[in-house]
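Reproduced below: entry07.cif, with mmCIF, C-alpha atoms.
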```
data_data
loop_
_atom_site.label_atom_id
_atom_site.label_comp_id
_atom_site.auth_asym_id
_atom_site.auth_seq_id
_atom_site.Cartn_x
_atom_site.Cartn_y
_atom_site.Cartn_z
CA MET W 1 -23.61 2.95 -17.39
CA ALA W 2 -24.36 6.36 -18.93
CA ASP W 3 -25.87 7.37 -15.60
CA GLU W 4 -22.73 6.25 -13.77
CA ARG W 5 -20.47 8.19 -16.11
CA GLY W 6 -22.56 11.29 -15.55
CA LEU W 7 -22.07 10.74 -11.85
CA MET W 8 -18.30 10.46 -12.37
CA ALA W 9 -18.24 13.65 -14.39
CA ARG W 10 -19.98 15.45 -11.52
CA VAL W 11 -17.54 13.96 -9.00
CA ALA W 12 -14.64 15.18 -11.17
CA ARG W 13 -16.08 18.71 -11.03
CA GLY W 14 -15.98 18.54 -7.23
CA ASP W 15 -19.73 17.98 -6.71
CA GLN W 16 -20.02 16.79 -3.09
CA ALA W 17 -23.53 15.43 -3.47
CA ALA W 18 -22.47 13.29 -6.41
CA PHE W 19 -19.53 12.02 -4.40
CA GLY W 20 -21.84 11.13 -1.54
CA ASP W 21 -24.01 9.24 -4.02
CA LEU W 22 -21.05 7.33 -5.37
CA ALA W 23 -19.82 6.44 -1.88
CA GLN W 24 -23.27 5.30 -0.80
CA ARG W 25 -23.83 3.21 -3.90
CA TYR W 26 -20.56 1.31 -3.75
CA SER W 27 -19.38 1.21 -0.16
CA PRO W 28 -21.32 -1.93 0.89
CA LYS W 29 -19.64 -4.06 -1.77
CA LEU W 30 -16.26 -2.41 -1.31
CA LEU W 31 -16.53 -2.95 2.45
CA ALA W 32 -17.28 -6.62 1.94
CA VAL W 33 -14.23 -7.12 -0.29
CA ALA W 34 -11.93 -5.16 2.01
CA GLY W 35 -13.35 -6.73 5.16
CA ARG W 36 -12.85 -10.27 3.93
CA LEU W 37 -9.35 -9.55 2.61
CA LEU W 38 -8.14 -7.63 5.65
CA GLY W 39 -10.11 -9.51 8.31
CA SER W 40 -11.19 -6.50 10.33
CA ARG W 41 -14.09 -4.10 10.03
CA ALA W 42 -11.98 -1.11 11.12
CA ASP W 43 -9.25 -1.86 8.57
CA ALA W 44 -11.89 -2.35 5.90
CA GLU W 45 -13.48 1.03 6.58
CA ASP W 46 -10.05 2.61 6.51
CA ALA W 47 -9.23 0.96 3.18
CA VAL W 48 -12.55 1.99 1.63
CA GLN W 49 -12.04 5.55 2.85
CA ARG W 50 -8.59 5.63 1.33
CA ALA W 51 -9.86 4.24 -1.94
CA PHE W 52 -12.59 6.87 -2.16
CA LEU W 53 -10.09 9.54 -1.16
CA GLN W 54 -7.90 8.56 -4.10
CA CYS W 55 -10.88 8.55 -6.37
CA TYR W 56 -11.98 11.96 -5.11
CA ALA W 57 -8.50 13.42 -5.57
CA GLY W 58 -8.64 12.09 -9.13
CA ALA W 59 -5.08 10.88 -8.66
CA THR W 60 -5.78 7.54 -10.23
CA GLY W 61 -7.34 8.74 -13.46
CA TYR W 62 -10.74 7.35 -14.35
CA ASN W 63 -10.77 5.81 -17.81
CA ALA W 64 -14.19 6.50 -19.31
CA ARG W 65 -14.16 3.23 -21.26
CA TRP W 66 -14.43 1.39 -17.95
CA ALA W 67 -17.43 0.73 -15.76
CA VAL W 68 -17.16 2.90 -12.65
CA SER W 69 -17.24 -0.23 -10.49
CA THR W 70 -14.22 -1.69 -12.33
CA TRP W 71 -12.26 1.45 -11.58
CA LEU W 72 -13.31 1.56 -7.94
CA TYR W 73 -12.43 -2.12 -7.47
CA ARG W 74 -9.03 -1.48 -9.05
CA ILE W 75 -8.31 1.33 -6.60
CA LEU W 76 -9.65 -0.62 -3.63
CA THR W 77 -7.71 -3.81 -4.41
CA ASN W 78 -4.55 -1.70 -4.88
CA VAL W 79 -5.07 -0.33 -1.37
CA CYS W 80 -5.86 -3.75 0.15
CA VAL W 81 -2.99 -5.58 -1.54
CA ASP W 82 -0.56 -2.96 -0.28
CA GLU W 83 -1.98 -3.33 3.21
CA LEU W 84 -1.45 -7.11 2.98
CA ARG W 85 2.15 -6.53 1.89
CA ARG W 86 2.71 -4.28 4.91
CA ARG W 87 1.37 -6.95 7.23
CA ALA W 88 3.57 -9.61 5.69
CA THR W 89 6.74 -7.56 6.16
CA ARG W 90 5.67 -6.55 9.65
CA THR W 91 5.19 -10.18 10.60
CA ALA W 92 8.53 -11.15 9.07
CA HIS W 93 10.34 -8.51 11.11
CA ASP W 94 8.44 -9.23 14.27
CA GLU W 95 10.51 -11.34 16.64
CA ARG W 96 7.36 -12.91 17.99
CA SER W 97 6.32 -13.68 14.46
CA ALA W 98 4.47 -16.86 15.34
CA ALA W 99 2.20 -15.08 17.80
CA GLY W 100 1.89 -12.11 15.44
CA ALA W 101 0.78 -14.23 12.51
CA LEU W 102 -1.81 -16.01 14.60
CA SER W 103 -3.43 -12.84 15.89
CA ALA W 104 -3.27 -11.26 12.39
CA ALA W 105 -5.05 -14.27 10.92
CA SER W 106 -7.87 -14.24 13.42
CA GLY W 107 -8.05 -10.43 13.60
CA ASN W 108 -10.58 -8.70 15.78
CA HIS W 109 -13.41 -9.41 13.39
CA GLN W 110 -14.48 -13.02 13.70
CA PRO W 111 -16.83 -14.22 10.97
CA PRO W 112 -19.93 -16.19 11.97
CA ALA W 113 -19.09 -19.69 13.14
CA ALA W 114 -20.53 -21.25 9.97
CA TYR W 115 -17.82 -19.51 7.92
CA LEU W 116 -14.94 -20.03 10.31
CA ASP W 117 -13.60 -23.02 8.39
CA LEU W 118 -13.87 -21.13 5.12
CA HIS W 119 -12.21 -18.10 6.71
CA ARG W 120 -9.26 -20.22 7.81
CA ALA W 121 -9.08 -22.08 4.52
CA LEU W 122 -9.04 -18.78 2.60
CA ALA W 123 -6.03 -17.67 4.63
CA ARG W 124 -4.12 -20.51 2.95
CA VAL W 125 -5.00 -19.40 -0.58
CA PRO W 126 -2.25 -17.29 -2.22
CA ARG W 127 -2.96 -13.55 -2.09
CA GLU W 128 -3.64 -12.92 -5.77
CA ALA W 129 -6.10 -15.81 -5.97
CA ARG W 130 -7.80 -14.67 -2.75
CA VAL W 131 -8.30 -11.18 -4.16
CA LEU W 132 -9.86 -12.63 -7.31
CA LEU W 133 -12.16 -14.92 -5.30
CA ALA W 134 -13.37 -11.97 -3.23
CA LEU W 135 -14.14 -9.87 -6.29
CA ARG W 136 -15.78 -12.78 -8.07
CA TYR W 137 -18.14 -13.64 -5.23
CA VAL W 138 -18.95 -10.20 -3.87
CA ASP W 139 -20.23 -8.83 -7.12
CA GLY W 140 -20.30 -11.74 -9.55
CA LEU W 141 -17.79 -9.93 -11.74
CA SER W 142 -16.99 -11.49 -15.11
CA TYR W 143 -13.56 -12.92 -15.93
CA GLY W 144 -12.99 -9.96 -18.25
CA GLU W 145 -13.71 -7.47 -15.48
CA LEU W 146 -11.49 -9.36 -13.03
CA ALA W 147 -8.70 -9.35 -15.62
CA ARG W 148 -9.05 -5.58 -16.09
CA ILE W 149 -9.13 -4.89 -12.34
CA ARG W 150 -5.93 -6.79 -11.62
CA GLY W 151 -4.25 -6.09 -14.96
CA ILE W 152 -3.84 -9.75 -15.90
CA SER W 153 -5.02 -12.00 -18.72
CA VAL W 154 -8.41 -13.74 -18.70
CA ASN W 155 -6.64 -17.09 -18.75
CA THR W 156 -4.65 -16.16 -15.66
CA VAL W 157 -7.90 -15.16 -13.95
CA LYS W 158 -9.42 -18.55 -14.76
CA SER W 159 -6.41 -20.55 -13.66
CA GLN W 160 -5.99 -18.54 -10.44
CA LEU W 161 -9.67 -18.95 -9.53
CA ALA W 162 -9.59 -22.67 -10.28
CA ARG W 163 -6.41 -23.09 -8.25
CA GLY W 164 -7.88 -21.11 -5.36
CA LYS W 165 -11.03 -23.19 -5.32
CA THR W 166 -9.13 -26.46 -5.52
CA LEU W 167 -7.10 -25.37 -2.51
CA LEU W 168 -10.28 -24.38 -0.67
CA ARG W 169 -11.95 -27.73 -1.41
CA ASP W 170 -8.87 -29.57 -0.17
CA GLU W 171 -8.68 -27.48 3.00
CA LEU W 172 -12.41 -27.73 3.71
CA GLY W 173 -12.32 -31.46 2.96
CA LYS W 174 -9.60 -31.90 5.58
CA ARG W 175 -11.53 -29.85 8.14
CA GLY W 176 -14.98 -31.14 7.26
CA ALA W 177 -14.00 -34.81 7.41
CA GLY W 178 -14.94 -34.99 11.08
CA HIS W 179 -18.32 -33.29 10.69
CA GLU W 180 -19.88 -35.05 7.75
CA MET C 1 -10.20 -25.25 -17.07
CA SER C 2 -13.19 -27.60 -17.31
CA ASP C 3 -13.48 -27.24 -13.57
CA VAL C 4 -14.13 -23.52 -13.89
CA ILE C 5 -16.63 -23.87 -16.70
CA SER C 6 -18.68 -26.42 -14.80
CA ASP C 7 -18.63 -24.01 -11.85
CA VAL C 8 -20.34 -21.36 -13.96
CA SER C 9 -23.14 -23.58 -15.18
CA LYS C 10 -24.10 -25.16 -11.86
CA PRO C 11 -23.00 -23.55 -8.61
CA ASP C 12 -21.91 -26.17 -6.08
CA ARG C 13 -21.76 -26.02 -2.28
CA LEU C 14 -18.50 -24.11 -2.29
CA ASP C 15 -19.94 -21.45 -4.60
CA VAL C 16 -22.94 -20.96 -2.33
CA LEU C 17 -20.71 -20.77 0.72
CA LEU C 18 -18.39 -18.25 -0.94
CA ALA C 19 -21.29 -16.08 -2.09
CA GLU C 20 -22.67 -15.97 1.47
CA TYR C 21 -19.27 -15.29 2.95
CA PHE C 22 -18.63 -12.35 0.60
CA ARG C 23 -22.06 -10.72 0.82
CA PRO C 24 -22.07 -6.88 0.93
CA GLU C 25 -22.01 -5.07 4.27
CA ALA C 26 -23.89 -1.97 5.35
CA ALA C 27 -21.81 1.19 5.14
CA PRO C 28 -21.42 3.32 8.27
CA ALA C 29 -23.29 6.61 8.33
CA GLY C 30 -21.39 9.73 7.31
CA LEU C 31 -18.61 7.87 5.50
CA ALA C 32 -18.76 10.16 2.48
CA ARG C 33 -18.65 13.26 4.64
CA LYS C 34 -15.60 11.97 6.52
CA ILE C 35 -13.80 11.22 3.26
CA ALA C 36 -14.55 14.65 1.81
CA ALA C 37 -13.20 16.30 4.97
CA ALA C 38 -10.02 14.20 4.82
CA ALA C 39 -9.59 15.08 1.14
CA ARG C 40 -9.59 18.80 1.93
CA GLU C 41 -6.80 18.66 4.49
CA SER C 42 -4.53 15.88 3.20
CA GLY C 43 -1.06 16.82 2.04
CA SER C 44 -1.16 20.52 2.85
CA ALA C 45 1.37 20.39 5.73
CA LEU C 46 3.83 18.35 3.65
CA GLU C 47 3.45 20.72 0.69
CA ARG C 48 4.27 23.66 2.95
CA LEU C 49 7.37 21.81 4.23
CA GLU C 50 8.52 21.11 0.69
CA ARG C 51 8.33 24.77 -0.30
CA ARG C 52 10.61 25.71 2.61
CA LEU C 53 13.27 23.04 1.98
CA GLY C 54 16.81 23.95 0.98
CA ILE C 55 19.05 21.16 -0.35
CA GLU C 56 22.84 21.14 -0.49
CA ALA C 57 25.06 18.61 -2.22
CA THR C 58 28.71 17.89 -2.91
CA SER C 59 29.87 16.09 -6.03
CA ARG C 60 29.58 12.82 -4.06
CA GLY C 61 26.01 13.18 -2.83
CA VAL C 62 23.39 15.15 -0.90
CA SER C 63 24.97 16.64 2.22
CA LEU C 64 22.19 18.73 3.77
CA VAL C 65 18.39 18.93 3.78
CA ARG C 66 17.06 21.76 5.93
CA THR C 67 14.45 24.46 5.88
CA GLY C 68 15.91 27.76 4.70
CA ARG C 69 18.19 28.99 1.93
CA PRO C 70 20.85 26.50 0.81
CA GLU C 71 24.47 27.29 -0.12
CA LYS C 72 25.13 27.41 -3.86
CA PRO C 73 26.49 24.09 -5.21
CA ALA C 74 30.23 24.22 -5.89
CA THR C 75 30.26 22.01 -8.96
CA ALA C 76 27.95 21.04 -11.80
CA ALA C 77 27.79 17.48 -10.40
CA ALA C 78 26.70 18.84 -7.02
CA ARG C 79 23.99 20.94 -8.67
CA ARG C 80 22.67 17.91 -10.55
CA LEU C 81 22.54 15.84 -7.35
CA ALA C 82 20.73 18.61 -5.45
CA GLU C 83 18.19 18.81 -8.28
CA GLN C 84 17.75 15.04 -8.30
CA ALA C 85 17.18 15.09 -4.54
CA ARG C 86 14.59 17.87 -4.86
CA GLU C 87 12.73 15.91 -7.51
CA GLU C 88 12.79 12.66 -5.52
CA ILE C 89 11.61 14.42 -2.35
CA HIS C 90 8.82 16.06 -4.36
CA GLU C 91 7.63 12.64 -5.57
CA TYR C 92 8.08 11.06 -2.15
CA LEU C 93 5.92 13.68 -0.43
CA ARG C 94 3.19 13.10 -3.02
CA GLY C 95 3.11 9.35 -2.48
CA GLN C 96 4.75 8.64 -5.83
CA ARG C 97 8.05 7.30 -4.54
CA ALA C 98 8.90 4.58 -2.03
CA PHE C 99 12.72 4.73 -2.19
CA PHE C 100 15.52 7.22 -2.81
CA ARG C 101 18.15 6.70 -5.48
CA VAL C 102 20.12 9.88 -4.94
CA PRO C 103 23.43 9.23 -3.10
CA VAL C 104 24.14 10.93 0.23
CA ASP C 105 27.50 12.34 1.34
CA LEU C 106 28.06 11.65 5.05
CA SER C 107 31.83 12.31 4.98
CA ALA C 108 31.46 15.27 7.37
CA VAL C 109 29.46 13.18 9.86
CA PRO C 110 31.18 11.58 12.93
CA ASP C 111 31.55 7.81 12.87
CA PHE C 112 28.98 6.99 15.58
CA GLN C 113 26.32 9.19 13.97
CA ARG C 114 27.00 7.72 10.54
CA ARG C 115 26.41 4.21 11.87
CA VAL C 116 23.17 5.35 13.50
CA LEU C 117 21.97 6.93 10.26
CA GLU C 118 22.94 3.90 8.21
CA ALA C 119 21.02 1.65 10.60
CA ALA C 120 17.95 3.91 10.24
CA GLY C 121 18.34 3.49 6.48
CA HIS C 122 17.60 -0.23 6.91
CA ILE C 123 14.10 0.33 8.32
CA PRO C 124 11.69 -0.63 5.53
CA PHE C 125 9.46 2.00 3.98
CA GLY C 126 6.23 2.43 5.92
CA GLU C 127 7.54 0.85 9.11
CA ALA C 128 8.93 2.12 12.42
CA ARG C 129 11.56 0.88 14.88
CA PRO C 130 12.33 2.04 18.42
CA TYR C 131 15.47 4.03 19.30
CA ALA C 132 16.64 0.95 21.24
CA TRP C 133 16.51 -1.13 18.04
CA ILE C 134 19.06 1.18 16.41
CA ALA C 135 21.22 1.16 19.55
CA ALA C 136 21.24 -2.66 19.60
CA ARG C 137 21.92 -2.87 15.87
CA ILE C 138 25.06 -0.75 16.02
CA GLY C 139 26.34 -2.69 19.03
CA HIS C 140 25.70 -0.02 21.71
CA PRO C 141 22.47 -1.26 23.32
CA ARG C 142 22.72 1.23 26.20
CA ALA C 143 23.32 4.28 24.03
CA VAL C 144 19.63 4.96 23.39
CA ARG C 145 19.86 8.63 24.26
CA ALA C 146 22.94 9.14 22.08
CA VAL C 147 21.04 7.48 19.22
CA GLY C 148 18.25 10.03 19.69
CA THR C 149 20.74 12.88 19.55
CA ALA C 150 22.46 11.47 16.47
CA LEU C 151 19.14 11.12 14.67
CA GLY C 152 18.12 14.62 15.72
CA ARG C 153 21.20 15.94 13.88
CA ASN C 154 20.54 13.92 10.74
CA PRO C 155 21.88 16.17 7.96
CA VAL C 156 19.72 14.49 5.31
CA PRO C 157 16.26 13.86 6.85
CA LEU C 158 13.57 12.35 4.57
CA ILE C 159 16.32 10.72 2.45
CA LEU C 160 17.81 8.87 5.45
CA PRO C 161 14.59 8.02 7.30
CA CYS C 162 15.13 9.13 10.91
CA HIS C 163 11.35 9.73 10.91
CA ARG C 164 10.89 5.93 11.05
CA VAL C 165 12.45 5.77 14.51
CA TRP C 166 9.89 6.05 17.33
CA ARG C 167 9.88 5.52 21.06
CA SER C 168 9.43 1.93 22.27
CA ASP C 169 6.09 2.86 23.90
CA GLY C 170 4.77 3.88 20.47
CA GLY C 171 5.29 7.61 21.12
CA LEU C 172 6.59 9.69 18.23
CA GLY C 173 9.78 11.01 19.89
CA GLY C 174 11.25 14.17 18.41
CA TYR C 175 11.73 15.25 14.83
CA ILE C 176 13.81 17.83 13.11
CA PHE C 177 10.80 19.27 11.22
CA GLY C 178 8.43 18.85 14.20
CA THR C 179 6.39 15.89 15.40
CA GLY C 180 3.38 17.00 13.33
CA ILE C 181 5.42 16.35 10.19
CA LYS C 182 6.73 13.05 11.61
CA ASP C 183 3.15 11.92 12.09
CA ARG C 184 2.21 13.02 8.56
CA LEU C 185 5.15 11.13 7.10
CA ALA C 186 4.06 7.95 8.89
CA ALA C 187 0.55 8.41 7.47
CA LEU C 188 1.99 9.12 4.02
CA GLU C 189 4.09 5.96 4.05
CA ARG C 190 1.12 3.92 5.28
CA THR C 191 -0.80 4.94 2.18
CA THR C 192 1.99 4.82 -0.42
CA PRO C 193 2.34 1.46 -2.15
CA VAL C 194 5.81 0.00 -2.64
CA LEU C 195 5.37 -2.26 -5.68
CA GLU C 196 3.35 -1.44 -8.77
CA GLY C 197 2.87 -3.27 -12.03
CA CYS C 198 2.10 -1.82 -15.44
CA THR C 199 -0.85 -3.66 -17.02
CA SER C 200 0.33 -2.99 -20.57
CA THR C 201 3.95 -4.15 -20.17
CA ARG C 202 3.32 -6.68 -17.35
CA ILE C 203 6.43 -5.40 -15.57
CA VAL C 204 6.50 -4.84 -11.81
CA CYS C 205 8.55 -1.90 -10.45
CA ARG C 206 9.31 -0.22 -7.16
CA VAL C 207 7.12 2.86 -6.83
CA GLY C 208 9.26 5.77 -7.99
CA CYS C 209 11.08 3.85 -10.77
CA ILE C 210 11.67 5.81 -13.94
CA HIS C 211 9.31 3.41 -15.77
CA GLY C 212 6.49 4.27 -13.41
CA ARG C 213 6.69 7.90 -14.41
CA HIS C 214 5.55 7.06 -17.93
CA MET C 215 2.81 4.72 -16.75
CA ARG C 216 -0.78 5.81 -17.33
CA PRO C 217 -2.73 5.95 -14.06
CA ASP C 218 -5.28 3.44 -15.31
CA ASN C 219 -2.44 0.99 -16.06
CA ARG C 220 -1.27 0.81 -12.45
CA VAL C 221 -1.85 -2.24 -10.25
CA VAL C 222 -0.33 -2.71 -6.82
CA PHE C 223 1.31 -5.98 -5.76
CA ALA C 224 2.17 -7.25 -2.30
CA SER C 225 5.33 -9.04 -3.39
CA VAL C 226 7.39 -9.78 -6.48
CA ASP C 227 6.40 -13.46 -6.14
CA ASP C 228 2.71 -12.50 -6.19
CA ALA C 229 3.32 -10.47 -9.34
CA ARG C 230 5.18 -13.37 -10.97
CA SER C 231 2.34 -15.73 -10.10
CA VAL C 232 -0.01 -13.77 -12.36
CA GLY C 233 2.40 -13.25 -15.25
CA TYR C 234 4.43 -10.14 -14.40
CA ARG C 235 8.22 -9.91 -14.44
CA PRO C 236 10.40 -7.68 -12.25
CA CYS C 237 11.86 -4.48 -13.78
CA LYS C 238 15.52 -4.63 -14.74
CA VAL C 239 16.11 -0.98 -13.87
CA CYS C 240 14.80 -0.71 -10.30
CA ARG C 241 15.17 -4.46 -9.60
CA PRO C 242 12.38 -4.84 -7.05
CA ALA C 243 13.38 -8.45 -6.27
CA ALA C 244 16.81 -7.38 -4.98
#
```

Any chance you could put this one into C-alpha cells?
Amino acid sequence: MADERGLMARVARGDQAAFGDLAQRYSPKLLAVAGRLLGSRADAEDAVQRAFLQCYAGATGYNARWAVSTWLYRILTNVCVDELRRRATRTAHDERSAAGALSAASGNHQPPAAYLDLHRALARVPREARVLLALRYVDGLSYGELARIRGISVNTVKSQLARGKTLLRDELGKRGAGHE
Amino acid sequence: MSDVISDVSKPDRLDVLLAEYFRPEAAPAGLARKIAAAARESGSALERLERRLGIEATSRGVSLVRTGRPEKPATAAARRLAEQAREEIHEYLRGQRAFFRVPVDLSAVPDFQRRVLEAAGHIPFGEARPYAWIAARIGHPRAVRAVGTALGRNPVPLILPCHRVWRSDGGLGGYIFGTGIKDRLAALERTTPVLEGCTSTRIVCRVGCIHGRHMRPDNRVVFASVDDARSVGYRPCKVCRPAA
C-alpha cells in the first residue's frame, strides 16, 4: 500500500516512468473488467485508456485513504457504465433496434465456447449487478471495496450480488437443462 | 443473505465459472506510451476555441455565439445571460456539463431555420443524426441541402448542437468552427458522462447540475440510467430532474 501511494505521488508529479508502471501493473485486470462489460477487446482497450487518461490528468482526484486499485476501478467503472448508457440510448433510437441489440450483445469479441452460455446469461443481469459481479470475480474485491467503488452500501452490494447470481443460476439452469 | 455467505465459505460451480470468465487479460504493448501522448494533446484545440469566443445575449436569451468581439449587452439581464452562457460553455468544453440551461433567443431567426435548429436540439448528448433525419423531422424530407445551410448559420452553436448533425455516410459535413472542432466535440461528448451520483448524498444528477459543482471528485459515480441508480439506493435530484 505504502509503495502504491509512493507510485501515485510520482504519477501526480508527472513522472512518466511511474505512470508506465501503474498502467502495466493494473491494465490486465482493468482490461478484463472492461472487456467483459463491454464485450469487445477494442472497446475495452479504449475504456482502459480513457480511465488512465483521467487518472493521469488528475481530474478525478485520488483520495489517499483509498487503495490505488479502488480508485482505478472507480474511474474505470464510471467510464464503462457511461459507455453502456450510450449503447442503450443508441439502440433505443435505432430503427432497426432488434438487429442492433443482437449484434451489440454478441459483439465482435466472442468468448470461448465454454463461457458462451454464461456470457449470454450475464447479458440478462441488470447493469449495476453485472458491474459488481465483474469486479468481484476479476480481483476478488471485498464487499467494502465494491461498496466504495460504486458508492453504495455494503448491504446493497450483497443483495445485488445475490440477485445477480440467482438470475445467472436460473438462466444457466434453463440453458444447461439439455446438456446435463 | 445466507446465500451470499455460503458462497464465500465454499465456492460452487458458478463461482469457479465466473472466476475463469473474468480472469485478467494481457495488456497490449505500448499502452502507457499511447495514453501519455493522448494526455498531452487532449483539449488544447477546444481551449483555443473557447478563448476566441464572443457571446451576445438579449434579455430573453443568448442570441449569438461566434469567434471575435461581441457587442456590449444592452441590459443587465442580457449581461447575466451572456455570462451564464460563457460559464456553461466553459464547463461543457471541459467535460463537466452534458446539457445547457441558459435560454436562447431565436426571435431574429427565420421560421424554417428555427425549426431546423429546434430539431437539432432534440439529438441526445453524445449522439449524431444525419441531415436527412432533421429534414424528415421537420416535414421537409427533400430539403436536406436547405437543412445544411440552416445549420451552417446557427447563431448559437455549441448551445444548440448543430455539431451533432453528420452526413448519412458517416462523414462529418461542415461546421461553423471547422470540421476539426466538430470532430473534437464528438470525441468530447463520447467521453463526458451524462448522469452522476454523489456517494455521500446518494443523489443522482445530470452532469453540469449545480449540485455536481460542490461534489468532491472522489464522491462521483457514473450511472447509465436513473433506474440503475434507483436500484442501488440513489434518488434523482429535484433541481436538474434527470428522470424528466

_Shell around Glu145 (chain W) at 8 Å using all atoms listed in the file, local window under 4 positions removed, as a PyMOL selection string_ = chain W and resi 70+141+149

So that I have them on file, write out the residues from the current selection with C-alpha atoms, as a PDB file, in the frame of the given file.
```pdb
ATOM      1  CA  THR W  70     -14.220  -1.690 -12.330  1.00  0.00           C
ATOM      2  CA  LEU W 141     -17.790  -9.930 -11.740  1.00  0.00           C
ATOM      3  CA  ILE W 149      -9.130  -4.890 -12.340  1.00  0.00           C
TER       4      ILE W 149
END
```

*Looking at all atoms listed in the file, which of C:Ser168, C:Tyr21, C:Gly180, C:Leu46 is the one that sits closest to Leu93 (chain C)?*
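Comparing C:Ser168, C:Tyr21, C:Gly180, C:Leu46 against Leu93 (chain C), the winner is C:Leu46.
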
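Within 7 Å of chain W, and counting only C-alpha atoms, chain C contributes C:Met1, C:Asp3, C:Val4, C:Leu18, C:Ala19, C:Tyr21, C:Phe22, C:Arg23, C:Pro24, C:Glu25, C:Ala26, C:Ala27, C:Ala32, C:Ile35, C:Ala39, C:Pro193, C:Thr199, C:Pro217, C:Asp218, C:Val221, C:Val222, C:Phe223, C:Ala224, C:Ser225, C:Asp228, C:Val232.
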
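If you look at CA of Arg94 (chain C) and CA of Ile159 (chain C), they are 14.4 Å away from each other.
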
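One finds CA of Arg184 (chain C) at 24.3 Å from CA of Val144 (chain C).
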
_Once the PyMOL selection byres ((chain C and resi 59) around 7) is applied to the coordinates I shared, what remains selected? I want it as a ChimeraX atom specification._
/C:57-58,60-61,75,77-78

*Between CA of Arg220 (chain C) and CA of Tyr73 (chain W), what is the spacing in Å?*
12.6 Å

Using all atoms listed in the file - which residues lie no farther than 10 Å from the point (8.4, 1.1, 6.6) in the file's frame? Write them as a PDB file with C-alpha atoms, in the frame of the given file.
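Result saved to part_12.pdb:
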```pdb
ATOM      1  CA  ARG W  86       2.710  -4.280   4.910  1.00  0.00           C
ATOM      2  CA  THR W  89       6.740  -7.560   6.160  1.00  0.00           C
ATOM      3  CA  ARG W  90       5.670  -6.550   9.650  1.00  0.00           C
TER       4      ARG W  90
ATOM      5  CA  ALA C  98       8.900   4.580  -2.030  1.00  0.00           C
ATOM      6  CA  HIS C 122      17.600  -0.230   6.910  1.00  0.00           C
ATOM      7  CA  ILE C 123      14.100   0.330   8.320  1.00  0.00           C
ATOM      8  CA  PRO C 124      11.690  -0.630   5.530  1.00  0.00           C
ATOM      9  CA  PHE C 125       9.460   2.000   3.980  1.00  0.00           C
ATOM     10  CA  GLY C 126       6.230   2.430   5.920  1.00  0.00           C
ATOM     11  CA  GLU C 127       7.540   0.850   9.110  1.00  0.00           C
ATOM     12  CA  ALA C 128       8.930   2.120  12.420  1.00  0.00           C
ATOM     13  CA  ARG C 129      11.560   0.880  14.880  1.00  0.00           C
ATOM     14  CA  PRO C 161      14.590   8.020   7.300  1.00  0.00           C
ATOM     15  CA  ARG C 164      10.890   5.930  11.050  1.00  0.00           C
ATOM     16  CA  ALA C 186       4.060   7.950   8.890  1.00  0.00           C
ATOM     17  CA  GLU C 189       4.090   5.960   4.050  1.00  0.00           C
ATOM     18  CA  ARG C 190       1.120   3.920   5.280  1.00  0.00           C
ATOM     19  CA  VAL C 194       5.810   0.000  -2.640  1.00  0.00           C
TER      20      VAL C 194
END
```

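Nearest-residue note for Leu132 (chain W): choosing from W:Gly173, W:Gly39, W:Gly164, W:Gly6, the minimum distance belongs to W:Gly164, counting all atoms listed in the file.
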
*For the point (27.7, 15.7, 2.8) in file coordinates, what residues are within 7 Å, counting only C-alpha atoms? Give the answer as a ChimeraX atom specification?*
/C:57-58,61-64,104-108
